[in-house]
$ cat data-v3.cif   # mmCIF, C-alpha atoms
data_work
loop_
_atom_site.label_atom_id
_atom_site.label_comp_id
_atom_site.auth_asym_id
_atom_site.auth_seq_id
_atom_site.Cartn_x
_atom_site.Cartn_y
_atom_site.Cartn_z
CA MET A 1 0.13 134.75 165.59
CA LEU A 2 2.93 134.52 163.05
CA ILE A 3 5.57 131.97 164.08
CA ILE A 4 9.20 132.53 163.12
CA GLY A 5 11.27 129.42 163.85
CA GLU A 6 14.42 130.32 165.77
CA LYS A 7 16.46 127.12 165.57
CA LEU A 8 18.82 128.00 162.68
CA ASN A 9 20.66 130.73 164.56
CA SER A 10 24.45 130.67 164.90
CA ALA A 11 24.18 132.17 168.40
CA ILE A 12 23.28 128.62 169.45
CA PRO A 13 26.63 126.79 169.84
CA ALA A 14 25.41 123.51 168.33
CA ILE A 15 24.01 125.33 165.29
CA ARG A 16 27.20 127.34 164.91
CA GLN A 17 29.12 124.06 164.73
CA ILE A 18 26.72 122.62 162.16
CA ILE A 19 27.16 125.72 159.99
CA ASN A 20 30.94 125.72 160.38
CA ASP A 21 31.00 122.03 159.42
CA LYS A 22 28.69 122.69 156.45
CA ASP A 23 26.49 119.86 157.69
CA LYS A 24 23.71 120.27 155.16
CA ALA A 25 21.79 117.21 156.33
CA ALA A 26 21.55 118.56 159.90
CA VAL A 27 20.48 122.02 158.70
CA GLN A 28 17.84 120.58 156.42
CA GLU A 29 16.48 118.26 159.10
CA LEU A 30 16.02 121.23 161.46
CA ALA A 31 14.38 123.22 158.69
CA ARG A 32 11.92 120.43 157.88
CA ARG A 33 11.09 119.77 161.53
CA GLN A 34 10.36 123.44 162.24
CA ALA A 35 8.18 123.67 159.14
CA ALA A 36 6.27 120.53 160.15
CA ALA A 37 5.78 121.93 163.67
CA GLY A 38 4.01 125.00 162.32
CA ALA A 39 6.66 127.66 161.60
CA ASP A 40 5.43 130.28 159.13
CA TYR A 41 9.00 131.55 158.58
CA LEU A 42 12.45 130.18 159.34
CA ASP A 43 14.97 132.57 160.85
CA VAL A 44 18.49 132.16 159.41
CA ASN A 45 21.43 133.79 161.18
CA THR A 46 25.17 133.36 160.59
CA ALA A 47 26.46 136.31 162.64
CA HIS A 48 28.73 134.08 164.74
CA CYS A 49 30.29 132.38 161.70
CA ASN A 50 31.81 133.66 158.46
CA GLU A 51 28.68 135.73 158.10
CA GLU A 52 28.46 136.60 154.41
CA ALA A 53 29.72 133.34 152.91
CA ASP A 54 27.87 131.19 155.42
CA MET A 55 24.62 133.12 154.96
CA GLU A 56 24.72 132.29 151.26
CA TRP A 57 25.36 128.61 152.01
CA LEU A 58 22.68 128.43 154.72
CA VAL A 59 19.96 130.03 152.60
CA GLN A 60 20.65 127.63 149.74
CA ALA A 61 20.69 124.61 152.05
CA VAL A 62 17.40 125.52 153.74
CA GLN A 63 15.64 126.31 150.48
CA GLU A 64 16.53 122.89 149.14
CA ALA A 65 14.66 121.35 152.08
CA THR A 66 11.49 123.43 152.45
CA GLU A 67 9.39 126.09 150.77
CA VAL A 68 8.68 127.88 154.05
CA PRO A 69 9.85 131.50 153.53
CA LEU A 70 12.91 132.78 155.33
CA CYS A 71 13.54 135.51 157.86
CA ILE A 72 17.00 136.88 156.98
CA ASP A 73 18.47 137.75 160.37
CA SER A 74 21.52 140.00 160.16
CA THR A 75 22.81 143.43 161.13
CA SER A 76 25.06 143.31 158.04
CA PRO A 77 23.66 144.77 154.81
CA ALA A 78 26.30 142.77 152.91
CA ALA A 79 25.06 139.50 154.43
CA VAL A 80 21.44 140.38 153.62
CA LYS A 81 22.47 141.12 150.02
CA LYS A 82 24.19 137.72 149.83
CA ALA A 83 21.00 136.04 151.02
CA LEU A 84 18.85 137.94 148.55
CA ALA A 85 21.21 137.11 145.70
CA VAL A 86 20.70 133.35 146.08
CA LEU A 87 17.09 133.43 147.25
CA LYS A 88 14.71 131.44 145.09
CA GLY A 89 11.28 132.73 144.14
CA ASP A 90 9.57 135.93 145.22
CA LYS A 91 11.95 138.05 147.30
CA SER A 92 9.05 140.09 148.66
CA ALA A 93 7.92 136.95 150.54
CA ILE A 94 10.85 136.96 152.96
CA ILE A 95 11.27 139.00 156.15
CA ILE A 96 14.37 141.11 156.73
CA ASN A 97 15.39 141.13 160.38
CA SER A 98 16.17 143.93 160.95
CA ILE A 99 16.28 147.70 160.46
CA SER A 100 16.76 150.32 163.16
CA MET A 101 17.62 153.97 163.64
CA GLU A 102 21.31 153.10 163.87
CA LYS A 103 22.78 155.15 161.02
CA SER A 104 24.82 152.40 159.35
CA ARG A 105 22.01 149.85 159.50
CA LEU A 106 19.36 152.30 158.33
CA GLU A 107 21.46 153.37 155.35
CA GLY A 108 22.39 149.80 154.46
CA ILE A 109 19.11 147.96 154.99
CA LEU A 110 16.51 150.56 153.95
CA PRO A 111 17.36 150.41 150.22
CA LEU A 112 17.05 146.61 150.25
CA VAL A 113 13.66 146.73 151.97
CA LEU A 114 12.38 149.34 149.53
CA GLU A 115 13.78 147.54 146.48
CA HIS A 116 12.11 144.23 147.29
CA GLY A 117 9.05 145.46 149.17
CA CYS A 118 9.39 142.70 151.74
CA PRO A 119 8.27 142.68 155.38
CA VAL A 120 10.83 144.08 157.80
CA ILE A 121 11.37 144.00 161.55
CA GLY A 122 12.15 147.43 163.00
CA LEU A 123 14.06 147.63 166.27
CA THR A 124 13.65 150.43 168.82
CA VAL A 125 17.36 151.17 169.01
CA ASP A 126 19.55 153.97 167.66
CA ASP A 127 23.22 154.93 167.87
CA ASN A 128 22.75 155.70 171.57
CA GLY A 129 21.63 152.13 172.26
CA ILE A 130 18.35 150.75 173.58
CA PRO A 131 16.38 153.47 175.42
CA LYS A 132 15.52 152.92 179.06
CA THR A 133 11.98 154.28 178.88
CA VAL A 134 8.82 153.41 177.00
CA ALA A 135 8.52 156.98 175.69
CA ASP A 136 11.99 156.95 174.16
CA ARG A 137 11.46 153.59 172.49
CA LEU A 138 8.22 154.91 171.01
CA LYS A 139 10.07 157.93 169.64
CA ILE A 140 12.42 155.63 167.73
CA ALA A 141 9.49 153.58 166.44
CA GLU A 142 7.82 156.80 165.27
CA LYS A 143 10.97 157.92 163.43
CA LEU A 144 11.27 154.57 161.66
CA ILE A 145 7.61 154.66 160.67
CA GLU A 146 7.98 158.24 159.36
CA ILE A 147 11.01 157.31 157.24
CA LEU A 148 9.37 154.21 155.78
CA SER A 149 6.14 156.11 155.09
CA ARG A 150 8.03 158.90 153.36
CA HIS A 151 9.51 156.32 150.98
CA GLY A 152 6.09 154.83 150.20
CA TYR A 153 6.64 151.60 152.15
CA ASP A 154 3.52 149.56 152.94
CA LEU A 155 3.29 149.75 156.74
CA GLU A 156 1.15 146.60 156.77
CA LYS A 157 4.46 144.78 156.26
CA LEU A 158 6.25 146.42 159.20
CA TYR A 159 6.82 144.62 162.51
CA ILE A 160 8.14 146.73 165.40
CA ASP A 161 10.26 144.92 168.00
CA PRO A 162 10.44 146.99 171.21
CA LEU A 163 13.40 144.87 172.38
CA VAL A 164 12.80 143.04 175.62
CA LEU A 165 15.72 142.98 178.06
CA PRO A 166 16.39 140.31 180.71
CA LEU A 167 14.46 140.16 183.96
CA ALA A 168 17.76 139.26 185.64
CA VAL A 169 18.97 142.79 184.87
CA ASN A 170 15.80 144.63 185.92
CA HIS A 171 12.61 143.08 187.29
CA THR A 172 10.48 145.67 185.41
CA ASN A 173 11.84 144.86 181.94
CA ALA A 174 8.88 142.64 180.98
CA LEU A 175 6.40 145.23 182.22
CA MET A 176 8.10 147.91 180.12
CA PHE A 177 7.88 145.66 177.09
CA PHE A 178 4.15 145.05 177.60
CA GLN A 179 3.60 148.80 177.86
CA CYS A 180 5.50 149.30 174.60
CA LEU A 181 3.30 146.73 172.83
CA THR A 182 0.15 148.50 174.00
CA GLU A 183 1.34 151.97 173.00
CA ILE A 184 2.69 150.91 169.59
CA LYS A 185 -0.69 149.41 168.78
CA ARG A 186 -2.57 152.46 170.11
CA GLN A 187 -0.42 155.16 168.53
CA PHE A 188 0.79 153.65 165.26
CA GLN A 189 -1.48 150.68 164.43
CA VAL A 190 1.43 148.58 163.15
CA LYS A 191 2.34 144.98 163.88
CA THR A 192 4.66 143.94 166.70
CA VAL A 193 7.12 141.08 167.19
CA SER A 194 9.60 139.75 169.71
CA GLY A 195 11.99 136.95 170.39
CA LEU A 196 11.32 135.19 173.69
CA SER A 197 14.68 134.01 174.96
CA ASN A 198 16.06 137.37 176.15
CA ILE A 199 13.46 137.77 178.88
CA SER A 200 14.68 134.66 180.74
CA PHE A 201 18.44 135.10 180.25
CA ASN A 202 20.42 134.03 183.32
CA MET A 203 17.29 132.72 185.09
CA PRO A 204 16.33 129.13 185.95
CA LYS A 205 13.36 127.40 184.27
CA ARG A 206 13.81 129.54 181.17
CA ARG A 207 11.20 127.76 179.06
CA LEU A 208 8.61 128.30 181.78
CA ILE A 209 9.31 132.05 181.83
CA ASN A 210 9.29 132.22 178.03
CA ARG A 211 5.89 130.53 177.82
CA TYR A 212 4.16 132.87 180.23
CA PHE A 213 5.89 135.86 178.68
CA LEU A 214 4.47 134.86 175.29
CA ALA A 215 0.95 134.50 176.71
CA ILE A 216 1.03 138.02 178.17
CA CYS A 217 2.52 139.44 174.95
CA MET A 218 -0.34 137.89 172.99
CA ALA A 219 -2.82 139.43 175.41
CA HIS A 220 -1.21 142.80 174.63
CA GLY A 221 -1.72 142.27 170.91
CA MET A 222 1.67 141.01 169.74
CA ASP A 223 1.40 139.72 166.18
CA ALA A 224 4.50 137.55 165.71
CA ALA A 225 7.10 135.73 167.78
CA ILE A 226 10.54 134.30 167.14
CA LEU A 227 10.42 131.03 169.05
CA ASP A 228 11.21 127.33 169.11
CA PRO A 229 8.36 125.59 167.26
CA LEU A 230 9.77 122.22 168.37
CA ASP A 231 8.78 123.06 171.96
CA ALA A 232 5.37 121.34 172.13
CA LYS A 233 4.36 123.18 175.31
CA ILE A 234 4.92 126.64 173.87
CA MET A 235 3.05 125.68 170.71
CA THR A 236 0.20 124.38 172.87
CA LEU A 237 0.15 127.67 174.76
CA LEU A 238 0.07 129.63 171.52
CA THR A 239 -2.83 127.59 170.12
CA THR A 240 -4.78 127.87 173.38
CA VAL A 241 -4.26 131.61 173.87
CA ASP A 242 -5.33 132.23 170.27
CA LEU A 243 -8.54 130.32 171.08
CA LEU A 244 -9.15 132.31 174.27
CA MET A 245 -8.55 135.64 172.54
CA GLY A 246 -11.10 134.97 169.84
CA ASN A 247 -8.54 134.56 167.08
CA ASP A 248 -9.60 130.98 166.30
CA PRO A 249 -13.22 131.04 165.06
CA PHE A 250 -15.19 128.06 166.38
CA GLY A 251 -11.92 126.65 167.76
CA LYS A 252 -11.06 125.09 164.41
CA ARG A 253 -7.28 125.28 164.87
CA PHE A 254 -7.49 124.14 168.49
CA LEU A 255 -9.62 121.13 167.55
CA LYS A 256 -7.34 120.27 164.65
CA ALA A 257 -4.33 120.32 166.98
CA TYR A 258 -6.24 118.21 169.52
CA ARG A 259 -7.14 115.58 166.94
CA ALA A 260 -3.55 115.48 165.75
CA GLY A 261 -2.34 114.86 169.31
CA ALA A 262 -0.35 118.10 169.22
CA LEU A 263 -1.65 119.61 172.46
CA GLU A 264 0.53 118.96 175.49
CA ASP A 265 -0.70 119.53 179.05
#

$ encode --input "data-v3.cif" --output "structure tokens"
Amino acid sequence: MLIIGEKLNSAIPAIRQIINDKDKAAVQELARRQAAAGADYLDVNTAHCNEEADMEWLVQAVQEATEVPLCIDSTSPAAVKKALAVLKGDKSAIIINSISMEKSRLEGILPLVLEHGCPVIGLTVDDNGIPKTVADRLKIAEKLIEILSRHGYDLEKLYIDPLVLPLAVNHTNALMFFQCLTEIKRQFQVKTVSGLSNISFNMPKRRLINRYFLAICMAHGMDAAILDPLDAKIMTLLTTVDLLMGNDPFGKRFLKAYRAGALED
């Protein structure tokens, strides 16, 4: 399971304030802590700030603190370009989050993905919004895959996000998401990803819901998650489910975490 650390996102009020204040020390501390906790990528998002200028500042600040690659999280092609312009090292190592079948985003993000050959997260949304059925979300995924394939993109680098919606809105939203994961794997054989926080929006005990949601997603073959790596219980769940699903030969990672005191009951 690929772990994308979610903590440097301007949708979080405290992080938005840190970015607005240009508090480099606070940003870098969060970056280092997420990396130490096991994040494979660090999501960076400045959508709720001065997006383009702050994206440039945030990328530079984080890269001074850690070599963990970044997940550039923006709907704005201009902001993604700003990030790429100041990015150190191999640009094909980052993830762009995200592309979709929305016309403006497809036209703006696709050339950047193709130019740099980097992994990309594809969302099952178009100019009509997020479809209400599994079949319609799969149609969007298929269109994205067709377009990327036509341009010679390596589909091994594609992560489809079927976009989970809150349980508080519809009690079947998680079930629909699980069905999407299964069908994307069956029909297209590409990787899948999701953030966790949307499923529990406006519900109590959100971390509890997020943890069990992740476990079921993993059982349905999800390959990556955007989550809080500083949450010891969710990281314990991830390590344990990987063991149970046969993804941890001889339990090496589980035993390493146990010996390090990283497993929390």

$ residues_around --input "data-v3.cif" --residues "Ser197 (chain A)" --least-positions-apart "5" --cutoff "10 Å" --atoms "only C-alpha atoms" --output "MDAnalysis selection string"
chainID A and resid 6 164:166 206:207 209:211 213 226:228

$ resolve_selection --input "data-v3.cif" --expression "the PyMOL selection byres ((chain A and resi 144-154) around 12)" --output "compact mmCIF listing (two decimals) with C-alpha atoms, keeping the file's coordinate frame"
# COMPACT_ATOMS: atom_id res chain seq x y z
CA SER A 92 9.05 140.09 148.66
CA SER A 98 16.17 143.93 160.95
CA ILE A 99 16.28 147.70 160.46
CA SER A 100 16.76 150.32 163.16
CA MET A 101 17.62 153.97 163.64
CA GLU A 102 21.31 153.10 163.87
CA LYS A 103 22.78 155.15 161.02
CA ARG A 105 22.01 149.85 159.50
CA LEU A 106 19.36 152.30 158.33
CA GLU A 107 21.46 153.37 155.35
CA ILE A 109 19.11 147.96 154.99
CA LEU A 110 16.51 150.56 153.95
CA PRO A 111 17.36 150.41 150.22
CA LEU A 112 17.05 146.61 150.25
CA VAL A 113 13.66 146.73 151.97
CA LEU A 114 12.38 149.34 149.53
CA GLU A 115 13.78 147.54 146.48
CA HIS A 116 12.11 144.23 147.29
CA GLY A 117 9.05 145.46 149.17
CA CYS A 118 9.39 142.70 151.74
CA PRO A 119 8.27 142.68 155.38
CA VAL A 120 10.83 144.08 157.80
CA ILE A 121 11.37 144.00 161.55
CA GLY A 122 12.15 147.43 163.00
CA LEU A 123 14.06 147.63 166.27
CA THR A 124 13.65 150.43 168.82
CA VAL A 125 17.36 151.17 169.01
CA ASP A 126 19.55 153.97 167.66
CA ARG A 137 11.46 153.59 172.49
CA LEU A 138 8.22 154.91 171.01
CA LYS A 139 10.07 157.93 169.64
CA ILE A 140 12.42 155.63 167.73
CA ALA A 141 9.49 153.58 166.44
CA GLU A 142 7.82 156.80 165.27
CA LYS A 143 10.97 157.92 163.43
CA LEU A 155 3.29 149.75 156.74
CA GLU A 156 1.15 146.60 156.77
CA LYS A 157 4.46 144.78 156.26
CA LEU A 158 6.25 146.42 159.20
CA TYR A 159 6.82 144.62 162.51
CA ILE A 160 8.14 146.73 165.40
CA ASP A 161 10.26 144.92 168.00
CA ILE A 184 2.69 150.91 169.59
CA GLN A 187 -0.42 155.16 168.53
CA PHE A 188 0.79 153.65 165.26
CA GLN A 189 -1.48 150.68 164.43
CA VAL A 190 1.43 148.58 163.15
CA LYS A 191 2.34 144.98 163.88

$ atom_distance --input "data-v3.cif" --atom1 "CA of Ala47 (chain A)" --atom2 "CA of Gln17 (chain A)"
12.7 Å

$ axis_aligned_box --input "data-v3.cif" --around "region 224-227 of chain A" --padding-each-side "6 Å" --output "AutoDock Vina command-line options"
--center_x 7.5 --center_y 134.3 --center_z 167.4 --size_x 18.0 --size_y 18.5 --size_z 15.3

$ resolve_selection --input "data-v3.cif" --expression "the PyMOL selection byres ((chain A and resi 55) around 12)" --output "ChimeraX atom specification"
/A:8-10,16,19-20,22,43-54,56-62,70-74,76-87

$ residues_around --input "data-v3.cif" --residues "Cys180 (chain A)" --least-positions-apart "2" --cutoff "10 Å" --atoms "only C-alpha atoms" --output "mmCIF file with C-alpha atoms, in the frame of the given file"
data_model
loop_
_atom_site.group_PDB
_atom_site.id
_atom_site.type_symbol
_atom_site.label_atom_id
_atom_site.label_comp_id
_atom_site.auth_asym_id
_atom_site.auth_seq_id
_atom_site.Cartn_x
_atom_site.Cartn_y
_atom_site.Cartn_z
ATOM 1 C CA THR A 133 11.980 154.280 178.880
ATOM 2 C CA VAL A 134 8.820 153.410 177.000
ATOM 3 C CA ALA A 135 8.520 156.980 175.690
ATOM 4 C CA ARG A 137 11.460 153.590 172.490
ATOM 5 C CA LEU A 138 8.220 154.910 171.010
ATOM 6 C CA ILE A 160 8.140 146.730 165.400
ATOM 7 C CA ASP A 161 10.260 144.920 168.000
ATOM 8 C CA PRO A 162 10.440 146.990 171.210
ATOM 9 C CA LEU A 163 13.400 144.870 172.380
ATOM 10 C CA VAL A 164 12.800 143.040 175.620
ATOM 11 C CA ALA A 174 8.880 142.640 180.980
ATOM 12 C CA LEU A 175 6.400 145.230 182.220
ATOM 13 C CA MET A 176 8.100 147.910 180.120
ATOM 14 C CA PHE A 177 7.880 145.660 177.090
ATOM 15 C CA PHE A 178 4.150 145.050 177.600
ATOM 16 C CA THR A 182 0.150 148.500 174.000
ATOM 17 C CA GLU A 183 1.340 151.970 173.000
ATOM 18 C CA ILE A 184 2.690 150.910 169.590
ATOM 19 C CA LYS A 185 -0.690 149.410 168.780
ATOM 20 C CA ARG A 186 -2.570 152.460 170.110
ATOM 21 C CA THR A 192 4.660 143.940 166.700
ATOM 22 C CA HIS A 220 -1.210 142.800 174.630
#

$ resolve_selection --input "data-v3.cif" --expression "the PyMOL selection byres ((chain A and resi 69) around 10)" --output "ChimeraX atom specification"
/A:4,35,39-43,62-63,66-68,70-72,87-95

$ atom_distance --input "data-v3.cif" --atom1 "CA of Ile234 (chain A)" --atom2 "CA of Ala262 (chain A)"
11.1 Å

$ atom_distance --input "data-v3.cif" --atom1 "CA of Pro131 (chain A)" --atom2 "CA of Lys205 (chain A)"
27.7 Å

$ closest_residue --input "data-v3.cif" --among "A:Leu230, A:Ala257, A:Leu181, A:Leu243" --to "Ile216 (chain A)" --atoms "all atoms listed in the file"
A:Leu181

$ decode --input "data-v3.cif" --residues "region 22-33 of chain A" --atoms "all heavy atoms" --output "short mmCIF file (atom, residue, chain, number, x, y, z; two decimals), in the first residue's frame"
data_model
loop_
_atom_site.label_atom_id
_atom_site.label_comp_id
_atom_site.auth_asym_id
_atom_site.auth_seq_id
_atom_site.Cartn_x
_atom_site.Cartn_y
_atom_site.Cartn_z
N LYS A 22 3.68 31.88 6.14
CA LYS A 22 4.99 31.44 5.62
C LYS A 22 5.87 30.91 6.75
O LYS A 22 7.04 31.24 6.87
CB LYS A 22 5.69 32.59 4.88
CG LYS A 22 4.91 33.11 3.68
CD LYS A 22 4.75 32.02 2.61
CE LYS A 22 3.96 32.52 1.41
NZ LYS A 22 2.52 32.72 1.70
N ASP A 23 5.25 30.06 7.57
CA ASP A 23 5.95 29.47 8.71
C ASP A 23 6.70 28.23 8.23
O ASP A 23 6.22 27.09 8.32
CB ASP A 23 4.94 29.11 9.81
CG ASP A 23 5.59 28.67 11.10
OD1 ASP A 23 6.79 28.33 11.08
OD2 ASP A 23 4.89 28.64 12.14
N LYS A 24 7.88 28.45 7.70
CA LYS A 24 8.66 27.37 7.11
C LYS A 24 9.00 26.28 8.13
O LYS A 24 8.96 25.09 7.81
CB LYS A 24 9.95 27.93 6.49
CG LYS A 24 10.77 26.86 5.76
CD LYS A 24 12.10 27.41 5.27
CE LYS A 24 11.93 28.31 4.08
NZ LYS A 24 13.26 28.64 3.47
N ALA A 25 9.33 26.68 9.34
CA ALA A 25 9.71 25.71 10.36
C ALA A 25 8.56 24.73 10.63
O ALA A 25 8.78 23.52 10.77
CB ALA A 25 10.13 26.41 11.65
N ALA A 26 7.33 25.24 10.71
CA ALA A 26 6.18 24.39 10.98
C ALA A 26 5.92 23.44 9.81
O ALA A 26 5.62 22.26 10.01
CB ALA A 26 4.95 25.24 11.26
N VAL A 27 6.02 23.96 8.59
CA VAL A 27 5.84 23.13 7.40
C VAL A 27 6.88 22.01 7.36
O VAL A 27 6.57 20.84 7.12
CB VAL A 27 5.93 24.00 6.12
CG1 VAL A 27 6.20 23.14 4.89
CG2 VAL A 27 4.66 24.80 5.93
N GLN A 28 8.10 22.37 7.61
CA GLN A 28 9.18 21.39 7.53
C GLN A 28 9.10 20.35 8.64
O GLN A 28 9.42 19.18 8.41
CB GLN A 28 10.53 22.11 7.53
CG GLN A 28 10.74 22.94 6.26
CD GLN A 28 12.07 23.64 6.21
OE1 GLN A 28 12.70 23.90 7.24
NE2 GLN A 28 12.52 23.97 5.02
N GLU A 29 8.64 20.75 9.80
CA GLU A 29 8.46 19.78 10.89
C GLU A 29 7.39 18.76 10.52
O GLU A 29 7.56 17.55 10.73
CB GLU A 29 8.06 20.52 12.17
CG GLU A 29 7.71 19.62 13.35
CD GLU A 29 8.89 18.83 13.89
OE1 GLU A 29 10.04 19.11 13.49
OE2 GLU A 29 8.67 17.91 14.69
N LEU A 30 6.28 19.22 9.93
CA LEU A 30 5.22 18.31 9.50
C LEU A 30 5.71 17.38 8.39
O LEU A 30 5.37 16.20 8.35
CB LEU A 30 4.00 19.09 9.01
CG LEU A 30 2.89 19.33 10.02
CD1 LEU A 30 1.79 20.17 9.39
CD2 LEU A 30 2.32 18.01 10.52
N ALA A 31 6.51 17.93 7.49
CA ALA A 31 7.05 17.11 6.40
C ALA A 31 7.95 16.01 6.96
O ALA A 31 7.84 14.84 6.58
CB ALA A 31 7.82 18.00 5.42
N ARG A 32 8.84 16.38 7.87
CA ARG A 32 9.77 15.39 8.44
C ARG A 32 9.02 14.33 9.24
O ARG A 32 9.35 13.13 9.17
CB ARG A 32 10.79 16.10 9.35
CG ARG A 32 11.78 16.97 8.60
CD ARG A 32 12.88 17.44 9.56
NE ARG A 32 13.66 18.52 8.98
CZ ARG A 32 13.48 19.81 9.23
NH1 ARG A 32 12.54 20.18 10.10
NH2 ARG A 32 14.23 20.73 8.65
N ARG A 33 8.04 14.75 10.02
CA ARG A 33 7.30 13.79 10.85
C ARG A 33 6.52 12.80 9.99
O ARG A 33 6.47 11.60 10.30
CB ARG A 33 6.34 14.53 11.78
CG ARG A 33 7.04 15.27 12.93
CD ARG A 33 6.03 16.03 13.77
NE ARG A 33 5.07 15.14 14.41
CZ ARG A 33 3.85 15.50 14.78
NH1 ARG A 33 3.42 16.76 14.57
NH2 ARG A 33 3.05 14.64 15.36
#
